[in-house]
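Data from my_file-v1.pdb: PDB, C-alpha atoms
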ATOM      1  CA  MET A 304      32.837  13.098  40.539
ATOM      2  CA  THR A 305      32.664  10.989  37.409
ATOM      3  CA  ASN A 306      35.460  11.057  34.914
ATOM      4  CA  THR A 307      33.626  12.892  32.149
ATOM      5  CA  HIS A 308      36.801  13.464  30.140
ATOM      6  CA  HIS A 309      37.785   9.775  30.133
ATOM      7  CA  ASP A 310      41.360  10.629  31.017
ATOM      8  CA  THR A 311      42.505   7.177  32.099
ATOM      9  CA  GLU A 312      41.051   5.557  29.000
ATOM     10  CA  VAL A 313      43.171   7.787  26.774
ATOM     11  CA  ALA A 314      46.266   7.721  28.998
ATOM     12  CA  PRO A 315      46.395   4.558  31.179
ATOM     13  CA  GLU A 316      49.521   5.963  32.860
ATOM     14  CA  LEU A 317      47.249   8.347  34.771
ATOM     15  CA  ALA A 318      45.307   5.555  36.486
ATOM     16  CA  ASP A 319      47.852   5.119  39.294
ATOM     17  CA  LEU A 320      47.742   8.840  40.076
ATOM     18  CA  GLY A 321      44.123   8.638  41.263
ATOM     19  CA  LEU A 322      43.157  11.929  39.660
ATOM     20  CA  THR A 323      39.638  13.280  39.995
ATOM     21  CA  ASP A 324      38.027  14.973  37.014
ATOM     22  CA  LYS A 325      38.117  18.752  36.733
ATOM     23  CA  PRO A 326      35.462  20.910  35.054
ATOM     24  CA  ASP A 327      36.502  23.052  32.098
ATOM     25  CA  GLY A 328      34.911  26.275  33.396
ATOM     26  CA  PRO A 329      38.049  27.730  35.048
ATOM     27  CA  GLY A 330      40.219  26.760  32.073
ATOM     28  CA  ALA A 331      37.789  28.323  29.601
ATOM     29  CA  ALA A 332      37.660  31.463  31.763
ATOM     30  CA  VAL A 333      41.401  32.121  31.575
ATOM     31  CA  MET A 334      41.533  31.372  27.844
ATOM     32  CA  LEU A 335      38.799  33.891  27.100
ATOM     33  CA  ALA A 336      40.232  36.420  29.576
ATOM     34  CA  ALA A 337      43.607  36.390  27.803
ATOM     35  CA  GLY A 338      41.882  37.186  24.526
ATOM     36  CA  ILE A 339      39.847  39.954  26.158
ATOM     37  CA  GLY A 340      42.950  41.496  27.743
ATOM     38  CA  ILE A 341      44.870  41.605  24.457
ATOM     39  CA  PHE A 342      41.822  42.899  22.596
ATOM     40  CA  VAL A 343      41.287  45.730  25.115
ATOM     41  CA  LEU A 344      44.966  46.678  24.893
ATOM     42  CA  GLY A 345      44.693  46.820  21.090
ATOM     43  CA  LEU A 346      41.373  48.645  21.234
ATOM     44  CA  PHE A 347      42.760  51.393  23.471
ATOM     45  CA  THR A 348      45.772  51.675  21.163
ATOM     46  CA  VAL A 349      43.396  52.487  18.300
ATOM     47  CA  LEU A 350      40.994  54.609  20.355
ATOM     48  CA  SER A 351      43.870  56.690  21.663
ATOM     49  CA  GLU A 352      44.527  57.697  18.039
ATOM     50  CA  VAL A 353      40.863  58.235  17.213
ATOM     51  CA  SER A 354      39.783  60.306  20.204
ATOM     52  CA  GLU A 355      41.624  63.141  21.925
ATOM     53  CA  GLY A 356      39.541  62.469  25.053
ATOM     54  CA  ILE A 357      40.649  58.836  25.247
ATOM     55  CA  HIS A 358      44.223  59.869  24.516
ATOM     56  CA  THR A 359      44.054  62.215  27.505
ATOM     57  CA  PHE A 360      42.409  59.480  29.605
ATOM     58  CA  VAL A 361      45.136  56.878  28.956
ATOM     59  CA  ASP A 362      47.834  59.510  29.306
ATOM     60  CA  ALA A 363      46.541  60.384  32.788
ATOM     61  CA  PHE A 364      47.651  56.974  34.130
ATOM     62  CA  ASP A 365      51.238  58.080  33.607
ATOM     63  CA  GLY A 366      51.576  60.153  36.769
ATOM     64  CA  ASP A 367      55.004  61.757  36.496
ATOM     65  CA  TYR A 368      56.817  58.697  35.215
ATOM     66  CA  GLY A 369      57.064  59.831  31.589
ATOM     67  CA  VAL A 370      55.478  56.697  30.169
ATOM     68  CA  GLY A 371      52.785  58.665  28.358
ATOM     69  CA  PRO A 372      49.622  57.090  26.926
ATOM     70  CA  LEU A 373      51.207  53.628  26.972
ATOM     71  CA  ALA A 374      50.631  53.638  30.732
ATOM     72  CA  GLY A 375      46.856  53.764  30.436
ATOM     73  CA  LYS A 376      46.641  51.389  27.489
ATOM     74  CA  THR A 377      48.612  48.655  29.239
ATOM     75  CA  ILE A 378      46.893  49.196  32.591
ATOM     76  CA  MET A 379      43.473  48.935  30.916
ATOM     77  CA  GLY A 380      44.509  45.747  29.114
ATOM     78  CA  THR A 381      45.869  44.236  32.320
ATOM     79  CA  ILE A 382      42.751  45.167  34.290
ATOM     80  CA  ALA A 383      40.538  43.718  31.538
ATOM     81  CA  PHE A 384      42.478  40.448  31.727
ATOM     82  CA  PHE A 385      42.366  40.040  35.499
ATOM     83  CA  VAL A 386      38.805  41.307  35.988
ATOM     84  CA  SER A 387      37.360  39.163  33.196
ATOM     85  CA  TRP A 388      39.316  36.154  34.501
ATOM     86  CA  LEU A 389      37.930  36.775  37.993
ATOM     87  CA  VAL A 390      34.322  37.291  36.865
ATOM     88  CA  LEU A 391      34.277  34.388  34.399
ATOM     89  CA  GLY A 392      36.141  32.213  36.888
ATOM     90  CA  ILE A 393      33.449  32.825  39.503
ATOM     91  CA  LEU A 394      30.601  32.359  37.010
ATOM     92  CA  TRP A 395      32.070  29.147  35.582
ATOM     93  CA  LYS A 396      33.497  27.653  38.773
ATOM     94  CA  ASP A 397      32.614  23.934  38.949
ATOM     95  CA  LYS A 398      30.834  24.202  35.579
ATOM     96  CA  GLU A 399      31.398  22.425  32.312
ATOM     97  CA  VAL A 400      31.919  25.031  29.593
ATOM     98  CA  ASP A 401      32.656  24.470  25.901
ATOM     99  CA  ILE A 402      36.377  25.148  26.246
ATOM    100  CA  LYS A 403      37.088  24.746  22.539
ATOM    101  CA  ARG A 404      34.587  27.476  21.724
ATOM    102  CA  MET A 405      36.057  29.781  24.354
ATOM    103  CA  PHE A 406      39.553  29.113  23.052
ATOM    104  CA  TRP A 407      38.568  30.085  19.506
ATOM    105  CA  ILE A 408      36.725  33.203  20.692
ATOM    106  CA  GLY A 409      39.765  34.142  22.793
ATOM    107  CA  LEU A 410      42.058  33.494  19.833
ATOM    108  CA  VAL A 411      40.010  35.717  17.506
ATOM    109  CA  LEU A 412      39.947  38.505  20.120
ATOM    110  CA  GLY A 413      43.691  38.137  20.692
ATOM    111  CA  VAL A 414      44.515  38.242  16.981
ATOM    112  CA  LEU A 415      42.270  41.296  16.513
ATOM    113  CA  GLY A 416      44.003  43.013  19.428
ATOM    114  CA  ALA A 417      47.419  42.169  17.985
ATOM    115  CA  VAL A 418      46.416  43.561  14.574
ATOM    116  CA  PHE A 419      45.209  46.770  16.251
ATOM    117  CA  MET A 420      48.682  47.126  17.803
ATOM    118  CA  LEU A 421      50.443  47.198  14.418
ATOM    119  CA  PRO A 422      51.600  50.809  13.871
ATOM    120  CA  PRO A 423      50.302  51.079  10.265
ATOM    121  CA  VAL A 424      46.899  49.873  11.484
ATOM    122  CA  PHE A 425      46.407  52.089  14.532
ATOM    123  CA  ARG A 426      47.870  55.087  12.719
ATOM    124  CA  ALA A 427      45.303  54.617   9.956
ATOM    125  CA  PHE A 428      42.697  55.641  12.541
ATOM    126  CA  ALA A 429      44.540  58.856  13.484
TER
ATOM    127  CA  MET B 661      84.377  47.811  33.679
ATOM    128  CA  GLU B 662      81.263  49.392  35.024
ATOM    129  CA  LEU B 663      77.671  49.999  34.032
ATOM    130  CA  SER B 664      75.683  53.133  34.705
ATOM    131  CA  SER B 665      72.336  52.865  36.473
ATOM    132  CA  ARG B 666      70.502  53.155  33.142
ATOM    133  CA  GLU B 667      72.715  50.563  31.482
ATOM    134  CA  THR B 668      72.170  48.216  34.422
ATOM    135  CA  TRP B 669      68.393  48.502  34.080
ATOM    136  CA  THR B 670      68.505  47.893  30.339
ATOM    137  CA  VAL B 671      70.631  44.799  31.008
ATOM    138  CA  ILE B 672      68.155  43.579  33.648
ATOM    139  CA  HIS B 673      65.182  44.267  31.369
ATOM    140  CA  GLY B 674      66.544  42.866  28.143
ATOM    141  CA  LEU B 675      69.369  40.479  28.880
ATOM    142  CA  VAL B 676      68.713  38.953  32.315
ATOM    143  CA  LEU B 677      64.913  38.719  32.210
ATOM    144  CA  GLY B 678      64.878  38.042  28.472
ATOM    145  CA  THR B 679      67.269  35.115  28.876
ATOM    146  CA  LEU B 680      65.285  33.685  31.776
ATOM    147  CA  PHE B 681      62.096  33.962  29.705
ATOM    148  CA  LEU B 682      63.686  32.096  26.804
ATOM    149  CA  LEU B 683      64.993  29.356  29.099
ATOM    150  CA  ALA B 684      61.618  28.918  30.784
ATOM    151  CA  PHE B 685      59.838  28.904  27.417
ATOM    152  CA  ALA B 686      62.154  26.260  25.951
ATOM    153  CA  GLY B 687      61.699  24.007  28.987
ATOM    154  CA  ALA B 688      57.923  24.433  29.045
ATOM    155  CA  LEU B 689      57.615  23.829  25.303
ATOM    156  CA  ALA B 690      59.677  20.639  25.414
ATOM    157  CA  GLY B 691      57.919  19.389  28.542
ATOM    158  CA  LEU B 692      54.417  19.973  27.196
ATOM    159  CA  TRP B 693      55.200  18.729  23.686
ATOM    160  CA  SER B 694      56.194  15.290  24.921
ATOM    161  CA  LEU B 695      53.514  15.005  27.600
ATOM    162  CA  ARG B 696      51.788  12.261  25.631
ATOM    163  CA  PRO B 697      50.474   8.787  26.402
ATOM    164  CA  GLY B 698      53.052   6.047  25.950
ATOM    165  CA  LEU B 699      56.093   8.291  26.271
ATOM    166  CA  ILE B 700      56.578   8.533  30.037
ATOM    167  CA  THR B 701      55.910   6.390  33.097
ATOM    168  CA  THR B 702      53.678   7.277  36.035
ATOM    169  CA  ALA B 703      56.765   8.248  38.062
ATOM    170  CA  GLY B 704      57.992  10.275  35.134
ATOM    171  CA  ILE B 705      54.712  12.159  34.944
ATOM    172  CA  LYS B 706      55.107  13.345  38.555
ATOM    173  CA  GLU B 707      58.642  14.531  37.947
ATOM    174  CA  ARG B 708      57.686  16.177  34.650
ATOM    175  CA  MET B 709      54.724  18.012  36.134
ATOM    176  CA  THR B 710      56.761  19.527  38.973
ATOM    177  CA  ARG B 711      59.133  21.023  36.398
ATOM    178  CA  LEU B 712      56.229  22.232  34.269
ATOM    179  CA  TYR B 713      54.521  23.896  37.229
ATOM    180  CA  TYR B 714      57.679  25.791  38.160
ATOM    181  CA  GLY B 715      58.731  26.416  34.557
ATOM    182  CA  THR B 716      55.475  27.884  33.277
ATOM    183  CA  SER B 717      54.937  29.900  36.477
ATOM    184  CA  ALA B 718      58.467  31.292  36.230
ATOM    185  CA  MET B 719      57.871  32.157  32.572
ATOM    186  CA  ALA B 720      54.755  34.129  33.505
ATOM    187  CA  LEU B 721      56.455  35.952  36.388
ATOM    188  CA  VAL B 722      59.480  36.817  34.253
ATOM    189  CA  ALA B 723      57.208  38.081  31.464
ATOM    190  CA  TRP B 724      55.480  40.436  33.914
ATOM    191  CA  ALA B 725      58.817  41.612  35.324
ATOM    192  CA  THR B 726      60.117  42.255  31.788
ATOM    193  CA  VAL B 727      57.209  44.396  30.605
ATOM    194  CA  ILE B 728      56.933  46.292  33.899
ATOM    195  CA  THR B 729      60.642  47.205  34.002
ATOM    196  CA  GLY B 730      60.572  47.951  30.279
ATOM    197  CA  THR B 731      57.551  50.238  30.428
ATOM    198  CA  TRP B 732      57.985  51.943  33.782
ATOM    199  CA  VAL B 733      61.789  52.095  34.161
ATOM    200  CA  VAL B 734      63.529  52.024  30.769
ATOM    201  CA  TYR B 735      60.906  53.467  28.402
ATOM    202  CA  PRO B 736      60.693  56.935  30.061
ATOM    203  CA  TRP B 737      64.445  57.380  29.430
ATOM    204  CA  TYR B 738      63.870  56.455  25.796
ATOM    205  CA  ARG B 739      60.916  58.736  25.106
ATOM    206  CA  VAL B 740      61.713  61.898  27.098
ATOM    207  CA  ALA B 741      61.746  64.962  24.830
ATOM    208  CA  LEU B 742      65.147  66.598  25.356
ATOM    209  CA  ALA B 743      65.801  68.054  21.930
ATOM    210  CA  PRO B 744      63.085  70.704  21.370
ATOM    211  CA  SER B 745      64.252  74.305  21.278
ATOM    212  CA  GLY B 746      61.936  76.985  19.970
ATOM    213  CA  ASP B 747      60.195  75.747  16.843
ATOM    214  CA  ASP B 748      62.794  73.086  16.146
ATOM    215  CA  ALA B 749      61.659  69.788  17.696
ATOM    216  CA  PHE B 750      65.086  68.224  17.205
ATOM    217  CA  ALA B 751      67.465  71.139  17.770
ATOM    218  CA  GLY B 752      69.324  69.230  20.495
ATOM    219  CA  CYS B 753      70.143  66.424  18.080
ATOM    220  CA  ALA B 754      72.098  68.559  15.589
ATOM    221  CA  GLY B 755      75.293  66.734  14.638
ATOM    222  CA  ALA B 756      74.599  63.780  16.952
ATOM    223  CA  VAL B 757      75.707  60.300  15.944
ATOM    224  CA  ILE B 758      74.205  58.657  19.019
ATOM    225  CA  PRO B 759      71.717  59.915  21.641
ATOM    226  CA  THR B 760      73.160  62.545  23.962
ATOM    227  CA  GLY B 761      72.164  64.572  27.001
ATOM    228  CA  THR B 762      70.178  66.913  24.742
ATOM    229  CA  CYS B 763      68.858  64.244  22.380
ATOM    230  CA  SER B 764      66.980  61.233  23.790
ATOM    231  CA  PRO B 765      66.910  57.973  21.827
ATOM    232  CA  ARG B 766      63.405  58.822  20.589
ATOM    233  CA  ASP B 767      64.494  62.325  19.568
ATOM    234  CA  PHE B 768      67.550  60.880  17.869
ATOM    235  CA  LEU B 769      65.633  58.293  15.839
ATOM    236  CA  LYS B 770      62.847  60.657  14.788
ATOM    237  CA  SER B 771      65.260  63.435  13.824
ATOM    238  CA  ASP B 772      66.965  61.377  11.083
ATOM    239  CA  VAL B 773      70.203  63.271  11.852
ATOM    240  CA  SER B 774      72.247  60.107  11.459
ATOM    241  CA  GLY B 775      70.695  58.416   8.451
ATOM    242  CA  SER B 776      67.175  57.189   7.898
ATOM    243  CA  THR B 777      66.239  56.193  11.448
ATOM    244  CA  ALA B 778      62.673  57.418  12.022
ATOM    245  CA  ALA B 779      61.114  54.081  11.065
ATOM    246  CA  TRP B 780      62.956  52.415  13.954
ATOM    247  CA  HIS B 781      60.734  54.461  16.233
ATOM    248  CA  ASP B 782      57.596  54.769  14.119
ATOM    249  CA  PHE B 783      57.364  51.041  13.431
ATOM    250  CA  GLY B 784      59.832  49.178  15.657
ATOM    251  CA  MET B 785      59.385  50.900  18.988
ATOM    252  CA  GLU B 786      55.696  51.608  18.520
ATOM    253  CA  TRP B 787      55.000  47.932  17.784
ATOM    254  CA  LYS B 788      57.321  46.601  20.480
ATOM    255  CA  GLU B 789      55.971  48.749  23.296
ATOM    256  CA  HIS B 790      52.406  47.515  22.703
ATOM    257  CA  ILE B 791      52.640  43.891  21.550
ATOM    258  CA  SER B 792      55.092  42.903  24.298
ATOM    259  CA  TRP B 793      52.269  43.213  26.835
ATOM    260  CA  ALA B 794      50.484  40.264  25.220
ATOM    261  CA  ALA B 795      53.298  38.013  26.466
ATOM    262  CA  PRO B 796      52.526  38.116  30.220
ATOM    263  CA  LEU B 797      48.788  37.720  29.624
ATOM    264  CA  LEU B 798      49.282  34.612  27.476
ATOM    265  CA  ALA B 799      52.045  33.192  29.683
ATOM    266  CA  THR B 800      49.911  33.655  32.805
ATOM    267  CA  ALA B 801      46.932  31.959  31.165
ATOM    268  CA  ALA B 802      49.119  29.071  29.974
ATOM    269  CA  ALA B 803      50.694  28.662  33.428
ATOM    270  CA  PHE B 804      47.270  28.571  35.062
ATOM    271  CA  LEU B 805      46.078  25.909  32.620
ATOM    272  CA  VAL B 806      49.150  23.762  33.297
ATOM    273  CA  VAL B 807      48.730  24.049  37.071
ATOM    274  CA  TYR B 808      44.943  23.604  36.943
ATOM    275  CA  TYR B 809      44.814  20.534  34.705
ATOM    276  CA  GLY B 810      48.183  19.049  35.664
ATOM    277  CA  PRO B 811      48.778  15.533  34.317
ATOM    278  CA  ARG B 812      45.270  15.494  32.842
ATOM    279  CA  LEU B 813      46.704  17.439  29.894
ATOM    280  CA  MET B 814      48.332  14.175  28.851
ATOM    281  CA  ALA B 815      44.961  12.626  28.060
ATOM    282  CA  ARG B 816      43.595  15.684  26.264
ATOM    283  CA  PRO B 817      45.700  16.369  23.152
ATOM    284  CA  TRP B 818      43.512  19.226  21.937
ATOM    285  CA  LEU B 819      43.786  21.036  25.265
ATOM    286  CA  ARG B 820      47.536  20.441  25.423
ATOM    287  CA  THR B 821      47.846  21.908  21.921
ATOM    288  CA  ALA B 822      45.789  24.932  22.966
ATOM    289  CA  VAL B 823      48.186  25.562  25.859
ATOM    290  CA  LEU B 824      51.127  25.192  23.468
ATOM    291  CA  VAL B 825      49.524  27.746  21.126
ATOM    292  CA  MET B 826      49.257  30.203  24.024
ATOM    293  CA  LEU B 827      52.860  29.573  25.078
ATOM    294  CA  VAL B 828      54.088  30.098  21.519
ATOM    295  CA  GLY B 829      51.940  33.235  21.260
ATOM    296  CA  ALA B 830      53.605  34.579  24.413
ATOM    297  CA  PHE B 831      57.001  33.762  22.930
ATOM    298  CA  VAL B 832      56.258  35.475  19.612
ATOM    299  CA  ALA B 833      55.051  38.625  21.388
ATOM    300  CA  ALA B 834      58.179  38.608  23.559
ATOM    301  CA  ALA B 835      60.388  37.890  20.543
ATOM    302  CA  VAL B 836      59.067  40.966  18.707
ATOM    303  CA  GLY B 837      59.794  43.038  21.804
ATOM    304  CA  GLY B 838      63.187  41.459  22.361
ATOM    305  CA  ALA B 839      64.360  41.654  18.769
ATOM    306  CA  PHE B 840      63.359  45.277  18.283
ATOM    307  CA  GLY B 841      64.728  46.090  21.729
ATOM    308  CA  ALA B 842      68.117  44.702  20.749
ATOM    309  CA  PHE B 843      68.154  46.550  17.414
ATOM    310  CA  LEU B 844      66.955  49.817  18.946
ATOM    311  CA  ASN B 845      69.622  49.626  21.624
ATOM    312  CA  LYS B 846      72.206  49.266  18.862
ATOM    313  CA  VAL B 847      70.909  52.173  16.768
ATOM    314  CA  ALA B 848      69.963  54.466  19.646
ATOM    315  CA  PRO B 849      71.310  53.263  23.002
ATOM    316  CA  ILE B 850      69.950  54.635  26.241
ATOM    317  CA  VAL B 851      72.769  56.657  27.772
TER
END

Please lay out the structure from this file as structure tokens.
Amino acid sequence: MTNTHHDTEVAPELADLGLTDKPDGPGAAVMLAAGIGIFVLGLFTVLSEVSEGIHTFVDAFDGDYGVGPLAGKTIMGTIAFFVSWLVLGILWKDKEVDIKRMFWIGLVLGVLGAVFMLPPVFRAFA
Amino acid sequence: MELSSRETWTVIHGLVLGTLFLLAFAGALAGLWSLRPGLITTAGIKERMTRLYYGTSAMALVAWATVITGTWVVYPWYRVALAPSGDDAFAGCAGAVIPTGTCSPRDFLKSDVSGSTAAWHDFGMEWKEHISWAAPLLATAAAFLVVYYGPRLMARPWLRTAVLVMLVGAFVAAAVGGAFGAFLNKVAPIV
């Protein structure tokens, strides 16, 4: 594989390591997946306030542990992270993807999710 | 000198895992920050990367362990409704100065029986319990990127900075959880 990222030109110290180039697809996949996971967690935090049905849905993940709706919100966020990482990772395996673009999209999603998790924000939807 | 089962779990969740997370974060931050051309030799890169692989992976694992123990072990003790009696949601908290067997920490804070404490729950706990879960997602993504790209991060400053942003994001999320956790355990300890 050709060195499309010109690593050894930027850092000559890497030349002796004999590294082969790696495509950005898998890296872009995990960056975007992290943003998706945080966004879904934030989204369910808001939706749980908006809809009684969704509140009941996320609360049902609790079992008898006493965690309440937080159980479903965090499980949905975690599933969103791992499933999107898996799907994007398979789709973008061995592919060059615009990793900067995916980073910024992931960052925007993550920030939105974090804002949704602020109590004054999600309570405004109640 | 002894700790109850609940105290032991709060120590594991907040103190032991929290300290390990901070240590791993500090090491990963320093290691990635100085992973630049001209600063280390080829031999140094190999040694540095081994530490970064273990450090970032440990940070991710510890972040998962922290939120899982916090949510599924400690949090139910915090939020259980012990105080309601009849129409009074906080009857069990009457006269309490700390949480008791009839007044859980959540009951105690929301009841305002010992000063103005409701905001500790309404803002502090509500924010902490959600935002803390961003930490393992970001730490896992950052650890994967470090392991996947390895020394190649040295030649790609933008990508290295992106990983640092994710690591710092994980730290900030954990810091919100940790700071509010410490304050909440002072105001309304789990007993």

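Distance annotation: of A:Leu391, A:Val370, A:Ala332, A:Leu350, the residue with the minimal separation from Glu789 (chain B) is A:Val370; atom set is all atoms listed in the file.
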
For Leu692 (chain B), please output as a PyMOL selection string all residues within 8 Å (counting all atoms listed in the file; exclusion window: fewer than 4 positions along the same chain). chain B and resi 688+712+820+824

Put a box with edges along x, y and z around all the listed atoms of region 325-341 of chain A, pad it by 4 Å on each side, then give me its centre and sizes in Å, one decimal, as AutoDock Vina command-line options.
--center_x 39.9 --center_y 30.2 --center_z 30.6 --size_x 18.0 --size_y 30.9 --size_z 20.3

Using only C-alpha atoms, list the residues that have an atom at most 8 Å from (64.7, 66.0, 13.2), coordinates as in the file, as a ChimeraX atom specification. /B:748-751,753,767-768,770-773

Contacts between chain B and chain A, please, where a residue of chain A counts if it comes within 6 Å (with all atoms listed in the file); show its shortest atom pair and distance in Å to one decimal, rows by chain and ascending number, as a Markdown table.
| residue | atom | partner | partner_atom | distance |
| --- | --- | --- | --- | --- |
| A:Asp310 | CA | B:Ala815 | CA | 5.1 |
| A:Val313 | CA | B:Ala815 | CA | 5.3 |
| A:Ala314 | CA | B:Pro697 | CA | 5.1 |
| A:Glu316 | CA | B:Thr702 | CA | 5.4 |
| A:Gly330 | CA | B:Leu805 | CA | 5.9 |
| A:Val333 | CA | B:Ala801 | CA | 5.5 |
| A:Ala337 | CA | B:Leu797 | CA | 5.7 |
| A:Ile341 | CA | B:Ala794 | CA | 5.8 |
| A:Gly369 | CA | B:Pro736 | CA | 4.9 |
| A:Val370 | CA | B:Pro736 | CA | 5.2 |
| A:Leu421 | CA | B:Trp787 | CA | 5.7 |
| A:Pro422 | CA | B:Phe783 | CA | 5.8 |

Selected residue, from A:His358, A:Lys403, A:Lys376, A:His309, that lies nearest to Leu344 (chain A) when counting only C-alpha atoms: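 Among the listed residues, A:Lys376 lies closest to Leu344 (chain A).
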
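CA of Ala417 (chain A) sits 17.5 Å away from CA of Ala429 (chain A).
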
Identify the residues within 8 Å of coordinate (40.9, 36.0, 25.9) (same frame as the file), considering all atoms listed in the file, and give the answer as a list of chain:residue names.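 Protein and nucleic acid residues near the point are A:Val333, A:Met334, A:Leu335, A:Ala336, A:Ala337, A:Gly338, A:Ile339, A:Gly340, A:Ile341, A:Phe342, A:Phe384, A:Phe406, A:Ile408, A:Gly409, A:Leu410, A:Leu412, A:Gly413.
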
Would you save the residues of that selection, restricted to C-alpha atoms, as a compact mmCIF listing (two decimals), keeping the file's coordinate frame?
# COMPACT_ATOMS: atom_id res chain seq x y z
CA VAL A 333 41.40 32.12 31.58
CA MET A 334 41.53 31.37 27.84
CA LEU A 335 38.80 33.89 27.10
CA ALA A 336 40.23 36.42 29.58
CA ALA A 337 43.61 36.39 27.80
CA GLY A 338 41.88 37.19 24.53
CA ILE A 339 39.85 39.95 26.16
CA GLY A 340 42.95 41.50 27.74
CA ILE A 341 44.87 41.60 24.46
CA PHE A 342 41.82 42.90 22.60
CA PHE A 384 42.48 40.45 31.73
CA PHE A 406 39.55 29.11 23.05
CA ILE A 408 36.72 33.20 20.69
CA GLY A 409 39.76 34.14 22.79
CA LEU A 410 42.06 33.49 19.83
CA LEU A 412 39.95 38.51 20.12
CA GLY A 413 43.69 38.14 20.69

Give me the result of the PyMOL selection byres ((chain A and resi 398) around 12) on this file, residue by residue, as a list in words.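 On the file shown, the PyMOL selection byres ((chain A and resi 398) around 12) covers Asp324, Lys325, Pro326, Asp327, Gly328, Pro329, Gly330, Ala331, Ala332, Leu391, Gly392, Ile393, Leu394, Trp395, Lys396, Asp397, Glu399, Val400, Asp401 and Ile402 of chain A.
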
Which one is closest to Thr710 (chain B): B:Val807, B:Gly841, B:Pro849, B:Ser764? Count all atoms listed in the file.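 Nearest candidate to Thr710 (chain B) out of B:Val807, B:Gly841, B:Pro849, B:Ser764: B:Val807.
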
Could you list, as JSON, numbers by chain, every residue within 12 Å of Ile357 (chain A), counting all atoms listed in the file and ignoring same-chain residues fewer than 3 positions away? {"A": [346, 347, 348, 349, 350, 351, 352, 353, 354, 360, 361, 362, 363, 364, 372, 373, 375, 376, 379]}

Quick check, in Å to one decimal: how far apart do CA of Ala778 (chain B) and CA of Val851 (chain B) lie? 18.7 Å
